[in-house]
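Chemist: File name entry-v3.pdb; file contents PDB, C-alpha atoms; full text below.
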```
ATOM      1  CA  MET A  12       0.000   0.000   0.000
ATOM      2  CA  PRO A  13       1.461   3.396  -0.907
ATOM      3  CA  THR A  14       2.221   5.926   1.786
ATOM      4  CA  LYS A  15       1.194   9.595   1.666
ATOM      5  CA  ASN A  16       4.096  10.454  -0.619
ATOM      6  CA  GLY A  17       3.148   7.646  -3.000
ATOM      7  CA  SER A  18       5.996   5.253  -2.182
ATOM      8  CA  PRO A  19       5.273   1.724  -0.992
ATOM      9  CA  GLY A  20       5.618   1.206   2.741
ATOM     10  CA  SER A  21       5.101  -1.348   5.454
ATOM     11  CA  GLY A  22       1.869   0.330   6.528
ATOM     12  CA  GLN A  23       3.468   1.629   9.697
ATOM     13  CA  GLU A  24       5.434   4.861   9.785
ATOM     14  CA  PRO A  25       8.451   4.999  12.106
ATOM     15  CA  PRO A  26       7.859   7.203  15.161
ATOM     16  CA  GLN A  27       9.138  10.757  14.851
ATOM     17  CA  LEU A  28      12.305  11.417  16.838
ATOM     18  CA  PRO A  29      11.499  13.493  19.952
ATOM     19  CA  ALA A  30      13.519  16.493  21.089
ATOM     20  CA  LEU A  31      16.423  15.797  23.446
ATOM     21  CA  GLY A  32      15.182  15.923  27.032
ATOM     22  CA  ALA A  33      11.538  15.312  26.076
ATOM     23  CA  LEU A  34       9.689  13.244  28.651
ATOM     24  CA  MET A  35       8.579   9.931  27.184
ATOM     25  CA  VAL A  36       6.729   6.888  28.523
ATOM     26  CA  ASP A  37       8.068   3.400  27.799
ATOM     27  CA  THR A  38       4.980   1.188  27.675
ATOM     28  CA  SER A  39       7.073  -1.989  27.572
ATOM     29  CA  HIS A  40       8.532  -1.199  31.023
ATOM     30  CA  GLY A  41       5.356  -0.601  33.001
ATOM     31  CA  GLU A  42       4.670   2.966  31.848
ATOM     32  CA  ARG A  43       8.132   4.076  32.980
ATOM     33  CA  VAL A  44       8.806   7.778  32.374
ATOM     34  CA  GLY A  45      12.211   8.910  31.151
ATOM     35  CA  GLU A  46      13.977  11.711  29.335
ATOM     36  CA  PHE A  47      14.814  11.077  25.704
ATOM     37  CA  ARG A  48      18.628  11.046  25.406
ATOM     38  CA  GLY A  49      19.170   9.951  21.811
ATOM     39  CA  THR A  50      19.341   6.821  19.719
ATOM     40  CA  ALA A  51      21.334   3.632  20.128
ATOM     41  CA  GLY A  52      21.031   1.670  16.913
ATOM     42  CA  PRO A  53      17.349   0.907  16.386
ATOM     43  CA  TYR A  54      16.487   1.828  19.988
ATOM     44  CA  TRP A  55      15.866   5.067  21.837
ATOM     45  CA  SER A  56      17.847   5.810  24.993
ATOM     46  CA  LEU A  57      15.781   7.018  27.925
ATOM     47  CA  ARG A  58      17.096   8.196  31.302
ATOM     48  CA  PRO A  59      15.035   7.939  34.474
ATOM     49  CA  VAL A  60      13.796  11.290  35.739
ATOM     50  CA  ARG A  61      14.956  10.255  39.217
ATOM     51  CA  GLY A  62      18.476   9.812  37.879
ATOM     52  CA  GLY A  63      20.307   6.602  37.218
ATOM     53  CA  ALA A  64      21.301   4.477  34.282
ATOM     54  CA  GLU A  65      19.751   4.941  30.866
ATOM     55  CA  TRP A  66      17.780   2.142  29.294
ATOM     56  CA  GLU A  67      16.963   1.301  25.708
ATOM     57  CA  ALA A  68      13.392   1.184  24.432
ATOM     58  CA  GLU A  69      11.762   0.180  21.178
ATOM     59  CA  PRO A  70      10.498   3.379  19.515
ATOM     60  CA  ALA A  71       7.165   1.760  18.648
ATOM     61  CA  ARG A  72       6.531   1.176  22.373
ATOM     62  CA  VAL A  73       7.322   4.731  23.486
ATOM     63  CA  ARG A  74       4.867   7.618  23.611
ATOM     64  CA  PRO A  75       5.078  11.237  24.764
ATOM     65  CA  ALA A  76       4.303  11.768  28.442
ATOM     66  CA  GLY A  77       0.889  13.255  29.161
ATOM     67  CA  PRO A  78       0.345  16.343  31.332
ATOM     68  CA  ILE A  79      -0.039  14.408  34.614
ATOM     69  CA  GLU A  80       2.998  12.213  33.867
ATOM     70  CA  ARG A  81       5.096  15.312  33.083
ATOM     71  CA  LEU A  82       3.943  17.008  36.295
ATOM     72  CA  ARG A  83       4.811  13.949  38.405
ATOM     73  CA  ALA A  84       8.237  13.705  36.771
ATOM     74  CA  GLU A  85       8.958  17.397  37.400
ATOM     75  CA  ILE A  86       7.909  17.053  41.061
ATOM     76  CA  VAL A  87      10.309  14.121  41.472
ATOM     77  CA  ARG A  88      13.110  16.153  39.872
ATOM     78  CA  VAL A  89      12.473  19.233  42.045
ATOM     79  CA  ASN A  90      12.260  17.174  45.237
ATOM     80  CA  ARG A  91      15.555  15.418  44.511
ATOM     81  CA  ARG A  92      17.229  18.723  43.726
ATOM     82  CA  SER A  93      15.905  20.263  46.979
ATOM     83  CA  ARG A  94      17.427  17.369  48.953
ATOM     84  CA  GLY A  95      20.775  17.897  47.248
ATOM     85  CA  GLU A  96      20.691  14.566  45.421
ATOM     86  CA  LEU A  97      22.537  14.348  42.131
ATOM     87  CA  LEU A  98      20.528  13.830  38.967
TER
END
```
Written as C-alpha cells, how would this file's structure read?
Modeler:
Amino acid sequence: MPTKNGSPGSGQEPPQLPALGALMVDTSHGERVGEFRGTAGPYWSLRPVRGGAEWEAEPARVRPAGPIERLRAEIVRVNRRSRGELL
C-alpha cells in the first residue's frame, strides 16, 4: 500500500524522533517515564527522571508523556534537587 508520498511502505510509519530531554513513557517497562537522550542503533535511549542508568526502548513502544505524567516527573526532579541529590 502506498504511503502519503506515494511510495510503498510497510503500513506503519516509524515514530518521529522526539527532542532531546523530552519526557517519554516506555509502555514496555510498566509505563516508565524517562527523558529522551538519543538513539542507540534501532532503539531510543531514555534516562530515568529520578536519575540513574539509561535504558533502551523500542520506539514503537514509546509515547510522549501526558500532562499528569510530566507534572509527576517534574515534582520528582524538584524534590531530589531540593534534597541535594545528584541527577
Chemist: So which one's closest to Arg88 of chain A, A:Leu31, A:Trp66, A:Gly45, A:Ser56? Using only C-alpha atoms, please.
Modeler: A:Gly45
Chemist: Show me, as a short mmCIF file (atom, residue, chain, number, x, y, z; two decimals) with C-alpha atoms, keeping the file's coordinate frame, the residues that have an atom within 12 Å of Ala33 of chain A when counting only C-alpha atoms, minus same-chain residues fewer than 3 positions from it.
Modeler:
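out.cif, written as the output of this step:
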```cif
data_model
loop_
_atom_site.label_atom_id
_atom_site.label_comp_id
_atom_site.auth_asym_id
_atom_site.auth_seq_id
_atom_site.Cartn_x
_atom_site.Cartn_y
_atom_site.Cartn_z
CA LEU A 28 12.30 11.42 16.84
CA PRO A 29 11.50 13.49 19.95
CA ALA A 30 13.52 16.49 21.09
CA VAL A 36 6.73 6.89 28.52
CA VAL A 44 8.81 7.78 32.37
CA GLY A 45 12.21 8.91 31.15
CA GLU A 46 13.98 11.71 29.34
CA PHE A 47 14.81 11.08 25.70
CA ARG A 48 18.63 11.05 25.41
CA GLY A 49 19.17 9.95 21.81
CA TRP A 55 15.87 5.07 21.84
CA SER A 56 17.85 5.81 24.99
CA LEU A 57 15.78 7.02 27.92
CA ARG A 58 17.10 8.20 31.30
CA PRO A 59 15.04 7.94 34.47
CA VAL A 60 13.80 11.29 35.74
CA VAL A 73 7.32 4.73 23.49
CA ARG A 74 4.87 7.62 23.61
CA PRO A 75 5.08 11.24 24.76
CA ALA A 76 4.30 11.77 28.44
CA GLY A 77 0.89 13.26 29.16
CA GLU A 80 3.00 12.21 33.87
CA ARG A 81 5.10 15.31 33.08
CA ALA A 84 8.24 13.70 36.77
CA GLU A 85 8.96 17.40 37.40
#
```
Chemist: If we count only C-alpha atoms and set the cut-off at 8 Å, which residues sit around Val87 of chain A, ignoring sequence neighbours fewer than 4 positions away in its own chain? Please answer as a list in words.
Modeler: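 Those residues are Val60, Arg61, Arg83 and Arg91 of chain A.
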Chemist: Using all atoms listed in the file, determine which residues lie at most 9 Å from Tyr54 of chain A, disregarding the query and same-chain residues fewer than 2 positions distant; provide the list as a PyMOL selection string.
Modeler: chain A and resi 49-52+56+67-70
Chemist: What's the separation between atom CA of Ser93 of chain A and atom CA of Asp37 of chain A, in Å to one decimal place?
Modeler: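 Atom CA of Asp37 of chain A lies at a distance of 26.7 Å from atom CA of Ser93 of chain A.
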Chemist: Let me make sure I understand: among A:Pro53, A:Arg43, A:Leu82, A:Arg92, which one has the smallest atom-to-atom distance to Glu65 of chain A if we use only C-alpha atoms?
Modeler: A:Arg43
Chemist: Between atom CA of Ala64 of chain A and atom CA of Thr38 of chain A, what is the distance, to one decimal in Å?
Modeler: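 Distance reported for this atom pair: 17.9 Å.
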Chemist: Using only C-alpha atoms, can you tell me which of A:Pro26, A:Leu34, A:Gly41, A:Gly63 comes closest to Ile79 of chain A?
Modeler: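 Among the listed residues, the smallest separation from Ile79 of chain A belongs to A:Leu34.
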